[in-house]
$ cat start26.cif   # mmCIF, N, CA and C atoms
data_upload
loop_
_atom_site.group_PDB
_atom_site.id
_atom_site.type_symbol
_atom_site.label_atom_id
_atom_site.label_comp_id
_atom_site.auth_asym_id
_atom_site.auth_seq_id
_atom_site.Cartn_x
_atom_site.Cartn_y
_atom_site.Cartn_z
ATOM 1 N N MET B 1 18.678 -30.713 34.161
ATOM 2 C CA MET B 1 19.032 -32.073 34.524
ATOM 3 C C MET B 1 20.158 -32.012 35.557
ATOM 4 N N THR B 2 19.811 -32.137 36.822
ATOM 5 C CA THR B 2 20.826 -32.068 37.872
ATOM 6 C C THR B 2 20.963 -33.366 38.641
ATOM 7 N N THR B 3 20.170 -34.370 38.293
ATOM 8 C CA THR B 3 20.287 -35.661 38.952
ATOM 9 C C THR B 3 20.390 -36.755 37.898
ATOM 10 N N ILE B 4 20.898 -37.884 38.319
ATOM 11 C CA ILE B 4 21.017 -39.051 37.449
ATOM 12 C C ILE B 4 19.809 -39.937 37.692
ATOM 13 N N ASP B 5 19.093 -40.269 36.622
ATOM 14 C CA ASP B 5 17.923 -41.144 36.725
ATOM 15 C C ASP B 5 18.370 -42.579 36.437
ATOM 16 N N PRO B 6 18.408 -43.448 37.462
ATOM 17 C CA PRO B 6 18.876 -44.818 37.243
ATOM 18 C C PRO B 6 17.928 -45.657 36.384
ATOM 19 N N HIS B 7 16.674 -45.214 36.231
ATOM 20 C CA HIS B 7 15.693 -45.987 35.466
ATOM 21 C C HIS B 7 15.566 -45.502 34.031
ATOM 22 N N SER B 8 16.339 -44.504 33.669
ATOM 23 C CA SER B 8 16.298 -43.951 32.320
ATOM 24 C C SER B 8 16.987 -44.893 31.337
ATOM 25 N N PRO B 9 16.502 -44.934 30.092
ATOM 26 C CA PRO B 9 17.194 -45.746 29.089
ATOM 27 C C PRO B 9 18.527 -45.120 28.649
ATOM 28 N N VAL B 10 18.732 -43.844 28.993
ATOM 29 C CA VAL B 10 19.986 -43.158 28.668
ATOM 30 C C VAL B 10 21.052 -43.621 29.654
ATOM 31 N N PRO B 11 22.225 -44.034 29.173
ATOM 32 C CA PRO B 11 23.288 -44.493 30.088
ATOM 33 C C PRO B 11 23.669 -43.410 31.101
ATOM 34 N N LYS B 12 24.088 -43.855 32.280
ATOM 35 C CA LYS B 12 24.418 -42.918 33.357
ATOM 36 C C LYS B 12 25.585 -42.008 32.984
ATOM 37 N N TYR B 13 26.592 -42.562 32.292
ATOM 38 C CA TYR B 13 27.733 -41.721 31.928
ATOM 39 C C TYR B 13 27.313 -40.619 30.963
ATOM 40 N N PHE B 14 26.332 -40.904 30.105
ATOM 41 C CA PHE B 14 25.840 -39.904 29.156
ATOM 42 C C PHE B 14 25.028 -38.833 29.887
ATOM 43 N N GLN B 15 24.285 -39.233 30.920
ATOM 44 C CA GLN B 15 23.559 -38.257 31.733
ATOM 45 C C GLN B 15 24.543 -37.337 32.454
ATOM 46 N N LEU B 16 25.642 -37.903 32.981
ATOM 47 C CA LEU B 16 26.666 -37.094 33.641
ATOM 48 C C LEU B 16 27.312 -36.142 32.643
ATOM 49 N N ARG B 17 27.591 -36.631 31.445
ATOM 50 C CA ARG B 17 28.160 -35.790 30.386
ATOM 51 C C ARG B 17 27.253 -34.596 30.121
ATOM 52 N N ALA B 18 25.944 -34.833 30.040
ATOM 53 C CA ALA B 18 24.982 -33.750 29.796
ATOM 54 C C ALA B 18 24.973 -32.747 30.951
ATOM 55 N N ILE B 19 25.072 -33.238 32.177
ATOM 56 C CA ILE B 19 25.105 -32.345 33.348
ATOM 57 C C ILE B 19 26.344 -31.460 33.296
ATOM 58 N N LEU B 20 27.500 -32.050 32.993
ATOM 59 C CA LEU B 20 28.737 -31.271 32.923
ATOM 60 C C LEU B 20 28.684 -30.253 31.781
ATOM 61 N N LEU B 21 28.116 -30.651 30.644
ATOM 62 C CA LEU B 21 27.968 -29.710 29.529
ATOM 63 C C LEU B 21 27.059 -28.552 29.904
ATOM 64 N N ASP B 22 25.971 -28.846 30.623
ATOM 65 C CA ASP B 22 25.067 -27.783 31.076
ATOM 66 C C ASP B 22 25.800 -26.810 31.999
ATOM 67 N N MET B 23 26.649 -27.349 32.876
ATOM 68 C CA MET B 23 27.407 -26.500 33.786
ATOM 69 C C MET B 23 28.396 -25.616 33.015
ATOM 70 N N ILE B 24 29.004 -26.160 31.976
ATOM 71 C CA ILE B 24 29.946 -25.389 31.161
ATOM 72 C C ILE B 24 29.214 -24.292 30.401
ATOM 73 N N GLU B 25 28.094 -24.644 29.773
ATOM 74 C CA GLU B 25 27.348 -23.681 28.962
ATOM 75 C C GLU B 25 26.656 -22.622 29.806
ATOM 76 N N ALA B 26 26.329 -22.933 31.048
ATOM 77 C CA ALA B 26 25.696 -21.959 31.941
ATOM 78 C C ALA B 26 26.745 -21.108 32.665
ATOM 79 N N SER B 27 28.002 -21.279 32.312
ATOM 80 C CA SER B 27 29.129 -20.545 32.899
ATOM 81 C C SER B 27 29.334 -20.828 34.384
ATOM 82 N N GLU B 28 28.788 -21.935 34.873
ATOM 83 C CA GLU B 28 29.105 -22.347 36.246
ATOM 84 C C GLU B 28 30.557 -22.827 36.297
ATOM 85 N N LEU B 29 31.023 -23.375 35.173
ATOM 86 C CA LEU B 29 32.407 -23.792 35.031
ATOM 87 C C LEU B 29 33.006 -22.968 33.887
ATOM 88 N N PRO B 30 33.688 -21.859 34.197
ATOM 89 C CA PRO B 30 34.254 -21.035 33.122
ATOM 90 C C PRO B 30 35.469 -21.706 32.474
ATOM 91 N N VAL B 31 35.955 -21.121 31.405
ATOM 92 C CA VAL B 31 37.117 -21.641 30.683
ATOM 93 C C VAL B 31 38.313 -21.710 31.623
ATOM 94 N N ASP B 32 39.044 -22.801 31.540
ATOM 95 C CA ASP B 32 40.241 -23.090 32.342
ATOM 96 C C ASP B 32 39.950 -23.342 33.823
ATOM 97 N N ALA B 33 38.677 -23.470 34.194
ATOM 98 C CA ALA B 33 38.321 -23.798 35.575
ATOM 99 C C ALA B 33 38.374 -25.316 35.753
ATOM 100 N N PRO B 34 38.796 -25.778 36.921
ATOM 101 C CA PRO B 34 38.808 -27.225 37.147
ATOM 102 C C PRO B 34 37.390 -27.747 37.364
ATOM 103 N N ILE B 35 37.139 -28.951 36.858
ATOM 104 C CA ILE B 35 35.850 -29.584 37.144
ATOM 105 C C ILE B 35 35.989 -30.291 38.484
ATOM 106 N N PRO B 36 34.874 -30.641 39.128
ATOM 107 C CA PRO B 36 34.980 -31.385 40.384
ATOM 108 C C PRO B 36 35.739 -32.702 40.171
ATOM 109 N N SER B 37 36.395 -33.169 41.218
ATOM 110 C CA SER B 37 37.171 -34.407 41.115
ATOM 111 C C SER B 37 36.248 -35.595 40.882
ATOM 112 N N GLU B 38 36.854 -36.699 40.431
ATOM 113 C CA GLU B 38 36.064 -37.914 40.192
ATOM 114 C C GLU B 38 35.366 -38.361 41.475
ATOM 115 N N ARG B 39 36.070 -38.295 42.578
ATOM 116 C CA ARG B 39 35.474 -38.716 43.856
ATOM 117 C C ARG B 39 34.289 -37.836 44.237
ATOM 118 N N GLU B 40 34.439 -36.543 44.003
ATOM 119 C CA GLU B 40 33.362 -35.612 44.321
ATOM 120 C C GLU B 40 32.143 -35.870 43.431
ATOM 121 N N LEU B 41 32.379 -36.112 42.143
ATOM 122 C CA LEU B 41 31.271 -36.413 41.227
ATOM 123 C C LEU B 41 30.608 -37.729 41.602
ATOM 124 N N CYS B 42 31.408 -38.712 42.036
ATOM 125 C CA CYS B 42 30.845 -40.001 42.485
ATOM 126 C C CYS B 42 29.908 -39.795 43.668
ATOM 127 N N ALA B 43 30.363 -39.023 44.647
ATOM 128 C CA ALA B 43 29.558 -38.790 45.847
ATOM 129 C C ALA B 43 28.321 -37.964 45.527
ATOM 130 N N ARG B 44 28.463 -36.950 44.681
ATOM 131 C CA ARG B 44 27.354 -36.045 44.367
ATOM 132 C C ARG B 44 26.239 -36.742 43.589
ATOM 133 N N TYR B 45 26.603 -37.627 42.653
ATOM 134 C CA TYR B 45 25.601 -38.235 41.774
ATOM 135 C C TYR B 45 25.380 -39.722 42.026
ATOM 136 N N GLY B 46 26.092 -40.305 42.983
ATOM 137 C CA GLY B 46 25.886 -41.715 43.321
ATOM 138 C C GLY B 46 26.312 -42.667 42.210
ATOM 139 N N LEU B 47 27.435 -42.355 41.577
ATOM 140 C CA LEU B 47 27.936 -43.174 40.472
ATOM 141 C C LEU B 47 29.251 -43.824 40.862
ATOM 142 N N SER B 48 29.634 -44.856 40.108
ATOM 143 C CA SER B 48 30.943 -45.463 40.334
ATOM 144 C C SER B 48 32.006 -44.618 39.641
ATOM 145 N N ARG B 49 33.257 -44.790 40.038
ATOM 146 C CA ARG B 49 34.338 -44.018 39.423
ATOM 147 C C ARG B 49 34.504 -44.357 37.957
ATOM 148 N N MET B 50 34.266 -45.597 37.597
ATOM 149 C CA MET B 50 34.384 -45.991 36.186
ATOM 150 C C MET B 50 33.347 -45.258 35.330
ATOM 151 N N THR B 51 32.143 -45.109 35.856
ATOM 152 C CA THR B 51 31.089 -44.403 35.130
ATOM 153 C C THR B 51 31.434 -42.934 34.986
ATOM 154 N N VAL B 52 31.921 -42.327 36.058
ATOM 155 C CA VAL B 52 32.323 -40.915 36.018
ATOM 156 C C VAL B 52 33.470 -40.744 35.030
ATOM 157 N N ARG B 53 34.442 -41.627 35.098
ATOM 158 C CA ARG B 53 35.598 -41.527 34.205
ATOM 159 C C ARG B 53 35.172 -41.648 32.742
ATOM 160 N N GLN B 54 34.210 -42.528 32.464
ATOM 161 C CA GLN B 54 33.743 -42.713 31.089
ATOM 162 C C GLN B 54 33.088 -41.429 30.560
ATOM 163 N N GLY B 55 32.277 -40.785 31.390
ATOM 164 C CA GLY B 55 31.637 -39.534 30.981
ATOM 165 C C GLY B 55 32.637 -38.414 30.772
ATOM 166 N N VAL B 56 33.621 -38.309 31.667
ATOM 167 C CA VAL B 56 34.645 -37.271 31.548
ATOM 168 C C VAL B 56 35.550 -37.559 30.348
ATOM 169 N N ASP B 57 35.909 -38.826 30.144
ATOM 170 C CA ASP B 57 36.748 -39.196 28.996
ATOM 171 C C ASP B 57 36.091 -38.812 27.681
ATOM 172 N N GLN B 58 34.784 -38.957 27.613
ATOM 173 C CA GLN B 58 34.069 -38.605 26.389
ATOM 174 C C GLN B 58 34.180 -37.096 26.118
ATOM 175 N N LEU B 59 34.066 -36.282 27.158
ATOM 176 C CA LEU B 59 34.185 -34.834 26.991
ATOM 177 C C LEU B 59 35.624 -34.434 26.638
ATOM 178 N N VAL B 60 36.602 -35.164 27.169
ATOM 179 C CA VAL B 60 37.999 -34.900 26.821
ATOM 180 C C VAL B 60 38.222 -35.240 25.346
ATOM 181 N N ALA B 61 37.667 -36.364 24.896
ATOM 182 C CA ALA B 61 37.819 -36.771 23.494
ATOM 183 C C ALA B 61 37.154 -35.772 22.547
ATOM 184 N N GLU B 62 36.068 -35.146 22.987
ATOM 185 C CA GLU B 62 35.367 -34.152 22.164
ATOM 186 C C GLU B 62 36.063 -32.796 22.181
ATOM 187 N N GLY B 63 37.035 -32.618 23.086
ATOM 188 C CA GLY B 63 37.742 -31.352 23.175
ATOM 189 C C GLY B 63 37.056 -30.324 24.062
ATOM 190 N N ARG B 64 36.048 -30.732 24.822
ATOM 191 C CA ARG B 64 35.359 -29.804 25.736
ATOM 192 C C ARG B 64 36.111 -29.652 27.054
ATOM 193 N N LEU B 65 36.901 -30.676 27.424
ATOM 194 C CA LEU B 65 37.721 -30.661 28.637
ATOM 195 C C LEU B 65 39.141 -31.052 28.255
ATOM 196 N N TYR B 66 40.109 -30.700 29.106
ATOM 197 C CA TYR B 66 41.477 -31.175 28.914
ATOM 198 C C TYR B 66 42.059 -31.555 30.258
ATOM 199 N N ARG B 67 43.034 -32.473 30.210
ATOM 200 C CA ARG B 67 43.665 -32.969 31.434
ATOM 201 C C ARG B 67 45.083 -32.435 31.557
ATOM 202 N N VAL B 68 45.464 -32.145 32.782
ATOM 203 C CA VAL B 68 46.846 -31.789 33.101
ATOM 204 C C VAL B 68 47.299 -32.815 34.135
ATOM 205 N N PRO B 69 48.272 -33.668 33.772
ATOM 206 C CA PRO B 69 48.716 -34.698 34.706
ATOM 207 C C PRO B 69 49.181 -34.099 36.030
ATOM 208 N N GLY B 70 48.675 -34.661 37.114
ATOM 209 C CA GLY B 70 49.033 -34.206 38.444
ATOM 210 C C GLY B 70 48.236 -33.010 38.934
ATOM 211 N N LYS B 71 47.428 -32.412 38.071
ATOM 212 C CA LYS B 71 46.650 -31.223 38.442
ATOM 213 C C LYS B 71 45.150 -31.479 38.413
ATOM 214 N N GLY B 72 44.649 -32.102 37.336
ATOM 215 C CA GLY B 72 43.226 -32.355 37.238
ATOM 216 C C GLY B 72 42.705 -32.170 35.822
ATOM 217 N N THR B 73 41.388 -32.046 35.727
ATOM 218 C CA THR B 73 40.712 -31.876 34.451
ATOM 219 C C THR B 73 40.078 -30.498 34.433
ATOM 220 N N PHE B 74 40.243 -29.793 33.320
ATOM 221 C CA PHE B 74 39.830 -28.404 33.218
ATOM 222 C C PHE B 74 38.946 -28.187 31.999
ATOM 223 N N VAL B 75 38.185 -27.091 32.028
ATOM 224 C CA VAL B 75 37.310 -26.732 30.912
ATOM 225 C C VAL B 75 38.176 -26.143 29.808
ATOM 226 N N ALA B 76 38.010 -26.662 28.593
ATOM 227 C CA ALA B 76 38.785 -26.195 27.444
ATOM 228 C C ALA B 76 38.129 -24.969 26.817
ATOM 229 N N ARG B 77 38.937 -24.204 26.114
ATOM 230 C CA ARG B 77 38.410 -23.059 25.367
ATOM 231 C C ARG B 77 37.559 -23.583 24.213
ATOM 232 N N PRO B 78 36.459 -22.883 23.906
ATOM 233 C CA PRO B 78 35.646 -23.323 22.773
ATOM 234 C C PRO B 78 36.442 -23.208 21.470
ATOM 235 N N LYS B 79 36.251 -24.174 20.609
ATOM 236 C CA LYS B 79 36.952 -24.165 19.334
ATOM 237 C C LYS B 79 36.215 -23.282 18.344
ATOM 238 N N ILE B 80 36.977 -22.576 17.561
ATOM 239 C CA ILE B 80 36.394 -21.743 16.516
ATOM 240 C C ILE B 80 36.149 -22.638 15.307
ATOM 241 N N GLU B 81 34.927 -22.650 14.860
ATOM 242 C CA GLU B 81 34.590 -23.474 13.713
ATOM 243 C C GLU B 81 34.562 -22.616 12.460
ATOM 244 N N MET B 82 35.360 -23.011 11.504
ATOM 245 C CA MET B 82 35.370 -22.322 10.222
ATOM 246 C C MET B 82 34.904 -23.310 9.167
ATOM 247 N N PRO B 83 33.817 -22.972 8.490
ATOM 248 C CA PRO B 83 33.347 -23.899 7.470
ATOM 249 C C PRO B 83 34.347 -23.976 6.316
ATOM 250 N N LEU B 84 34.625 -25.180 5.906
ATOM 251 C CA LEU B 84 35.535 -25.378 4.789
ATOM 252 C C LEU B 84 34.727 -25.425 3.500
ATOM 253 N N ARG B 85 35.067 -24.541 2.597
ATOM 254 C CA ARG B 85 34.425 -24.575 1.297
ATOM 255 C C ARG B 85 35.446 -24.150 0.269
ATOM 256 N N LEU B 86 35.312 -24.688 -0.883
ATOM 257 C CA LEU B 86 36.238 -24.411 -1.963
ATOM 258 C C LEU B 86 35.834 -23.126 -2.662
ATOM 259 N N VAL B 87 36.761 -22.182 -2.768
ATOM 260 C CA VAL B 87 36.488 -20.926 -3.459
ATOM 261 C C VAL B 87 37.593 -20.686 -4.485
ATOM 262 N N SER B 88 37.283 -19.888 -5.450
ATOM 263 C CA SER B 88 38.275 -19.563 -6.470
ATOM 264 C C SER B 88 39.274 -18.554 -5.916
ATOM 265 N N PHE B 89 40.378 -18.397 -6.641
ATOM 266 C CA PHE B 89 41.391 -17.430 -6.256
ATOM 267 C C PHE B 89 40.794 -16.027 -6.208
ATOM 268 N N THR B 90 39.977 -15.692 -7.224
ATOM 269 C CA THR B 90 39.362 -14.367 -7.305
ATOM 270 C C THR B 90 38.485 -14.104 -6.092
ATOM 271 N N GLU B 91 37.611 -15.076 -5.731
ATOM 272 C CA GLU B 91 36.731 -14.921 -4.561
ATOM 273 C C GLU B 91 37.545 -14.758 -3.285
ATOM 274 N N ASP B 92 38.608 -15.545 -3.146
ATOM 275 C CA ASP B 92 39.436 -15.489 -1.947
ATOM 276 C C ASP B 92 40.096 -14.120 -1.810
ATOM 277 N N MET B 93 40.654 -13.614 -2.881
ATOM 278 C CA MET B 93 41.318 -12.305 -2.831
ATOM 279 C C MET B 93 40.307 -11.187 -2.556
ATOM 280 N N LEU B 94 39.139 -11.253 -3.167
ATOM 281 C CA LEU B 94 38.108 -10.247 -2.927
ATOM 282 C C LEU B 94 37.647 -10.289 -1.463
ATOM 283 N N ALA B 95 37.520 -11.479 -0.883
ATOM 284 C CA ALA B 95 37.107 -11.610 0.510
ATOM 285 C C ALA B 95 38.150 -11.023 1.451
ATOM 286 N N ARG B 96 39.420 -11.041 1.037
ATOM 287 C CA ARG B 96 40.498 -10.481 1.856
ATOM 288 C C ARG B 96 40.675 -8.990 1.629
ATOM 289 N N GLY B 97 39.856 -8.432 0.742
ATOM 290 C CA GLY B 97 39.938 -7.004 0.480
ATOM 291 C C GLY B 97 41.030 -6.632 -0.506
ATOM 292 N N MET B 98 41.482 -7.598 -1.279
ATOM 293 C CA MET B 98 42.539 -7.358 -2.267
ATOM 294 C C MET B 98 41.959 -7.385 -3.674
ATOM 295 N N ARG B 99 42.748 -6.913 -4.617
ATOM 296 C CA ARG B 99 42.318 -6.938 -6.005
ATOM 297 C C ARG B 99 43.056 -8.065 -6.717
ATOM 298 N N PRO B 100 42.303 -9.049 -7.210
ATOM 299 C CA PRO B 100 42.983 -10.177 -7.874
ATOM 300 C C PRO B 100 43.636 -9.720 -9.179
ATOM 301 N N GLY B 101 44.735 -10.351 -9.488
ATOM 302 C CA GLY B 101 45.389 -9.991 -10.745
ATOM 303 C C GLY B 101 46.505 -10.931 -11.086
#
$ encode --input "start26.cif" --output "structure tokens"
Amino acid sequence: MTTIDPHSPVPKYFQLRAILLDMIEASELPVDAPIPSERELCARYGLSRMTVRQGVDQLVAEGRLYRVPGKGTFVARPKIEMPLRLVSFTEDMLARGMRPG
């Protein structure tokens, strides 16, 4: 998906979000790399700045991008997901390689 389909039932900002995610996952935009400016994204995809900002804001809220005031918006490091589950003291100590006692 490299173009925005104006006739699609999917909102344009969501299509832009998907394009940016594809670029991140394909390593076109590595970690800590700046994304194209809002103006550049507007010109490239034929969108308004408000639409571009909405798509980028959504990725910032999800933690996929981060902003540095005066510098721009950058690709964030992937978050490590650790499943939360309740375990007993014995299980926890055994998982750490210790002997419970």
$ closest_residue --input "start26.cif" --among "B:Met98, B:Leu16, B:Ala43, B:Ala33" --to "B:Ala76" --atoms "only N, CA and C atoms"
B:Ala33
$ resolve_selection --input "start26.cif" --expression "the PyMOL selection byres (((chain B and resi 6-12 and name CA) around 10) and name CA)" --output "PDB file with N, CA and C atoms, in the coordinates of the input"
ATOM      1  N   THR B   3      20.170 -34.370  38.293  1.00  0.00           N
ATOM      2  CA  THR B   3      20.287 -35.661  38.952  1.00  0.00           C
ATOM      3  C   THR B   3      20.390 -36.755  37.898  1.00  0.00           C
ATOM      4  N   ILE B   4      20.898 -37.884  38.319  1.00  0.00           N
ATOM      5  CA  ILE B   4      21.017 -39.051  37.449  1.00  0.00           C
ATOM      6  C   ILE B   4      19.809 -39.937  37.692  1.00  0.00           C
ATOM      7  N   ASP B   5      19.093 -40.269  36.622  1.00  0.00           N
ATOM      8  CA  ASP B   5      17.923 -41.144  36.725  1.00  0.00           C
ATOM      9  C   ASP B   5      18.370 -42.579  36.437  1.00  0.00           C
ATOM     10  N   TYR B  13      26.592 -42.562  32.292  1.00  0.00           N
ATOM     11  CA  TYR B  13      27.733 -41.721  31.928  1.00  0.00           C
ATOM     12  C   TYR B  13      27.313 -40.619  30.963  1.00  0.00           C
ATOM     13  N   PHE B  14      26.332 -40.904  30.105  1.00  0.00           N
ATOM     14  CA  PHE B  14      25.840 -39.904  29.156  1.00  0.00           C
ATOM     15  C   PHE B  14      25.028 -38.833  29.887  1.00  0.00           C
ATOM     16  N   GLN B  15      24.285 -39.233  30.920  1.00  0.00           N
ATOM     17  CA  GLN B  15      23.559 -38.257  31.733  1.00  0.00           C
ATOM     18  C   GLN B  15      24.543 -37.337  32.454  1.00  0.00           C
ATOM     19  N   LEU B  16      25.642 -37.903  32.981  1.00  0.00           N
ATOM     20  CA  LEU B  16      26.666 -37.094  33.641  1.00  0.00           C
ATOM     21  C   LEU B  16      27.312 -36.142  32.643  1.00  0.00           C
ATOM     22  N   ARG B  17      27.591 -36.631  31.445  1.00  0.00           N
ATOM     23  CA  ARG B  17      28.160 -35.790  30.386  1.00  0.00           C
ATOM     24  C   ARG B  17      27.253 -34.596  30.121  1.00  0.00           C
ATOM     25  N   ALA B  18      25.944 -34.833  30.040  1.00  0.00           N
ATOM     26  CA  ALA B  18      24.982 -33.750  29.796  1.00  0.00           C
ATOM     27  C   ALA B  18      24.973 -32.747  30.951  1.00  0.00           C
ATOM     28  N   TYR B  45      26.603 -37.627  42.653  1.00  0.00           N
ATOM     29  CA  TYR B  45      25.601 -38.235  41.774  1.00  0.00           C
ATOM     30  C   TYR B  45      25.380 -39.722  42.026  1.00  0.00           C
ATOM     31  N   GLY B  46      26.092 -40.305  42.983  1.00  0.00           N
ATOM     32  CA  GLY B  46      25.886 -41.715  43.321  1.00  0.00           C
ATOM     33  C   GLY B  46      26.312 -42.667  42.210  1.00  0.00           C
ATOM     34  N   LEU B  47      27.435 -42.355  41.577  1.00  0.00           N
ATOM     35  CA  LEU B  47      27.936 -43.174  40.472  1.00  0.00           C
ATOM     36  C   LEU B  47      29.251 -43.824  40.862  1.00  0.00           C
ATOM     37  N   SER B  48      29.634 -44.856  40.108  1.00  0.00           N
ATOM     38  CA  SER B  48      30.943 -45.463  40.334  1.00  0.00           C
ATOM     39  C   SER B  48      32.006 -44.618  39.641  1.00  0.00           C
ATOM     40  N   THR B  51      32.143 -45.109  35.856  1.00  0.00           N
ATOM     41  CA  THR B  51      31.089 -44.403  35.130  1.00  0.00           C
ATOM     42  C   THR B  51      31.434 -42.934  34.986  1.00  0.00           C
ATOM     43  N   VAL B  52      31.921 -42.327  36.058  1.00  0.00           N
ATOM     44  CA  VAL B  52      32.323 -40.915  36.018  1.00  0.00           C
ATOM     45  C   VAL B  52      33.470 -40.744  35.030  1.00  0.00           C
ATOM     46  N   GLN B  54      34.210 -42.528  32.464  1.00  0.00           N
ATOM     47  CA  GLN B  54      33.743 -42.713  31.089  1.00  0.00           C
ATOM     48  C   GLN B  54      33.088 -41.429  30.560  1.00  0.00           C
ATOM     49  N   GLY B  55      32.277 -40.785  31.390  1.00  0.00           N
ATOM     50  CA  GLY B  55      31.637 -39.534  30.981  1.00  0.00           C
ATOM     51  C   GLY B  55      32.637 -38.414  30.772  1.00  0.00           C
TER      52      GLY B  55
END
$ atom_distance --input "start26.cif" --atom1 "atom C of B:Asp32" --atom2 "atom C of B:Val75"
5.2 Å
$ atom_distance --input "start26.cif" --atom1 "atom C of B:Glu40" --atom2 "atom C of B:Leu21"
16.2 Å
$ atom_distance --input "start26.cif" --atom1 "atom N of B:Ala61" --atom2 "atom C of B:Thr73"
11.5 Å
$ closest_residue --input "start26.cif" --among "B:Glu28, B:Thr2, B:Arg99, B:Pro34" --to "B:Tyr66" --atoms "only C-alpha atoms"
B:Pro34
$ axis_aligned_box --input "start26.cif" --around "stretch 86-98 of chain B" --padding-each-side "4 Å" --output "AutoDock Vina command-line options"
--center_x 38.9 --center_y -15.7 --center_z -2.7 --size_x 15.2 --size_y 26.1 --size_z 17.2
$ select_by_dssp --input "start26.cif" --residues "chain B" --states "alpha helix (DSSP H)" --output "ChimeraX atom specification"
/B:12-25,38-45,49-62,89-95
$ select_by_dssp --input "start26.cif" --residues "chain B" --states "strand (DSSP E or B)" --output "list in words"
Pro34, Leu65, Tyr66, Arg67, Val68, Gly72, Thr73, Phe74 and Val75 of chain B
$ closest_residue --input "start26.cif" --among "B:Ile80, B:Arg85, B:Leu65, B:Asp92" --to "B:Pro30" --atoms "only C-alpha atoms"
B:Leu65
$ closest_residue --input "start26.cif" --among "B:Arg77, B:Arg96, B:Arg64, B:Arg49" --to "B:Val31" --atoms "all atoms listed in the file"
B:Arg77
$ decode --input "start26.cif" --residues "stretch 64-77 of chain B" --atoms "N, CA, C and O atoms" --output "short mmCIF file (atom, residue, chain, number, x, y, z; two decimals), in the first residue's frame"
data_model
loop_
_atom_site.label_atom_id
_atom_site.label_comp_id
_atom_site.auth_asym_id
_atom_site.auth_seq_id
_atom_site.Cartn_x
_atom_site.Cartn_y
_atom_site.Cartn_z
N ARG B 64 4.74 4.01 18.63
CA ARG B 64 5.55 3.60 17.47
C ARG B 64 6.47 4.72 17.00
O ARG B 64 7.49 4.48 16.37
N LEU B 65 6.08 5.98 17.29
CA LEU B 65 6.88 7.16 16.95
C LEU B 65 7.01 8.02 18.20
O LEU B 65 6.21 7.88 19.13
N TYR B 66 8.02 8.90 18.22
CA TYR B 66 8.13 9.88 19.30
C TYR B 66 8.54 11.21 18.71
O TYR B 66 9.15 11.28 17.65
N ARG B 67 8.17 12.28 19.42
CA ARG B 67 8.47 13.64 18.96
C ARG B 67 9.55 14.27 19.82
O ARG B 67 9.58 14.07 21.03
N VAL B 68 10.39 15.04 19.17
CA VAL B 68 11.39 15.86 19.86
C VAL B 68 11.10 17.30 19.43
O VAL B 68 11.23 17.62 18.24
N PRO B 69 10.66 18.15 20.37
CA PRO B 69 10.33 19.52 20.00
C PRO B 69 11.50 20.23 19.33
O PRO B 69 12.64 20.18 19.79
N GLY B 70 11.22 20.85 18.20
CA GLY B 70 12.23 21.58 17.46
C GLY B 70 13.07 20.71 16.53
O GLY B 70 13.87 21.22 15.77
N LYS B 71 12.91 19.40 16.61
CA LYS B 71 13.71 18.48 15.79
C LYS B 71 12.86 17.70 14.80
O LYS B 71 13.21 17.57 13.64
N GLY B 72 11.74 17.13 15.26
CA GLY B 72 10.90 16.35 14.38
C GLY B 72 10.32 15.12 15.06
O GLY B 72 10.34 14.99 16.28
N THR B 73 9.84 14.20 14.24
CA THR B 73 9.23 12.97 14.72
C THR B 73 10.11 11.81 14.28
O THR B 73 10.53 11.75 13.12
N PHE B 74 10.36 10.89 15.19
CA PHE B 74 11.30 9.81 14.96
C PHE B 74 10.67 8.45 15.25
O PHE B 74 9.70 8.36 16.00
N VAL B 75 11.27 7.40 14.69
CA VAL B 75 10.80 6.04 14.92
C VAL B 75 11.25 5.60 16.30
O VAL B 75 12.43 5.71 16.65
N ALA B 76 10.31 5.10 17.10
CA ALA B 76 10.61 4.65 18.46
C ALA B 76 11.13 3.22 18.45
O ALA B 76 10.88 2.45 17.51
N ARG B 77 11.85 2.88 19.50
CA ARG B 77 12.31 1.50 19.67
C ARG B 77 11.10 0.61 19.95
O ARG B 77 10.19 1.03 20.65
#
